[in-house]
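Reviewing the structure listed below.
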Amino acid sequence: MKDVAIVMGSISDLPTMQNSIDILQQLGVSYERFVISAHRMPREMIYFSENAIDNGFKVIIAGAGGAAHLPGMIAASTILPVIGVPVESKSLSGMDSLLSIVQMPGGVPVATMSIGKAGAVNAAIMATKICAINNEQYSKSLLDFKKEMHDNSVESGKRFE
Ligand SMILES: Nc1c(C(=O)O)ncn1[C@@H]1O[C@H](COP(=O)(O)O)[C@@H](O)[C@H]1O
């Protein structure tokens, strides 16, 4: 069983969502990825969401662009935490994706990240933090990640001096 499910609305979202995958791999977090569209594959989306707990997932990262209803519809169909990643769209630069994901009605939260790569990176870190509540190995990975980020920042500052 895997801890994190990464769902994207289209395979065209993969360049963005690969950033989530890379971080989960770096942190040693188990994951499985899916291409499921609420718009194009509504039955599969409901089936996935309603079975996500039985399939062992602890948290779901959902990335989509444009009229990005996928994260909200998954959140409507499961009690697992859903982290939304607004994928940058061509016509509106991802503002459409962001607003579609963040403006949820009360009672159906989606933890919404920022648009694009940084949002996908942060989604993976947030998912790991949620899973780390009951997992010491994940806690240690997060501490190591934080230290590496700190040391890299200090080092880059020294190069600048
Ligand atoms: N926002 C959604 C949903 C959904 O929310 O169900 N399904 C696909 N999409 C988005 O449509 C964009 C264009 O998709 P295509 O490149 O396949 O035409 C993608 O960013 C996808 O996430």
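Labels for the structure tokens follow display order: chains A, B, ..., residues from 1 in each chain, ligands from 1.
Here the strand (DSSP E or B) residues in segment 49-78 of chain A, by DSSP on the backbone, are Val59, Ile60, Ile61, Ala62, Gly63, Ala64 and Gly65 of chain A.
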Quiz item: How would you write, as a PyMOL selection string, the set of residues no farther than 10 Å from ligand 1 when counting only C-alpha atoms and all ligand atoms?
Solution: chain A and resi 7-14+16+35-42+45+62-74+85-90+94+96-97+100-101
Exercise. Would you kindly return, as a PyMOL selection string, each protein, DNA or RNA residue with an atom no farther than 10 Å from any atom of segment 140-153 of chain A, considering only C-alpha atoms and excluding same-chain residues fewer than 6 positions away?
Key: chain A and resi 23+26-29+125+128-129+132
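The gap separating atom CA of Gly84 of chain A from atom CA of Arg43 of chain A is 20.1 Å, in Å to one decimal.
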Quiz prompt | Nearby residues (only C-alpha atoms) at most 10 Å from Ile6 of chain A, same-chain spacing under 6 positions excluded, as number ranges by chain | solution = A: 17-18, 20-21, 31-36, 59-63, 82-83, 123-124
May I have the selected residues written with C-alpha atoms, as a short mmCIF file (atom, residue, chain, number, x, y, z; two decimals), in the first residue's frame?
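Writing done, so here's selection_30.cif:
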```
data_model
loop_
_atom_site.label_atom_id
_atom_site.label_comp_id
_atom_site.auth_asym_id
_atom_site.auth_seq_id
_atom_site.Cartn_x
_atom_site.Cartn_y
_atom_site.Cartn_z
CA MET A 17 3.32 17.16 -11.32
CA GLN A 18 6.70 15.49 -11.85
CA SER A 20 5.75 16.43 -6.68
CA ILE A 21 6.97 12.99 -7.68
CA TYR A 31 3.27 7.08 -3.81
CA GLU A 32 1.25 6.04 -6.81
CA ARG A 33 0.30 8.30 -9.72
CA PHE A 34 -2.88 8.41 -11.75
CA VAL A 35 -4.31 10.33 -14.70
CA ILE A 36 -8.00 10.79 -13.89
CA VAL A 59 -3.43 11.87 1.46
CA ILE A 60 -4.20 12.83 -2.12
CA ILE A 61 -2.36 15.41 -4.25
CA ALA A 62 -4.55 16.52 -7.16
CA GLY A 63 -3.19 18.72 -9.94
CA VAL A 82 -6.76 16.67 -0.63
CA ILE A 83 -3.94 19.01 -1.62
CA ALA A 123 2.24 19.77 -2.23
CA ALA A 124 4.69 16.90 -1.84
#
```
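If you measure from each of A:Val154, A:Thr78, A:Val4, A:Ala127 to Ser139 of chain A using only C-alpha atoms, the closest one turns out to be A:Ala127.
Atom CA of Ser93 of chain A lies 9.4 Å from atom CA of Gly116 of chain A.
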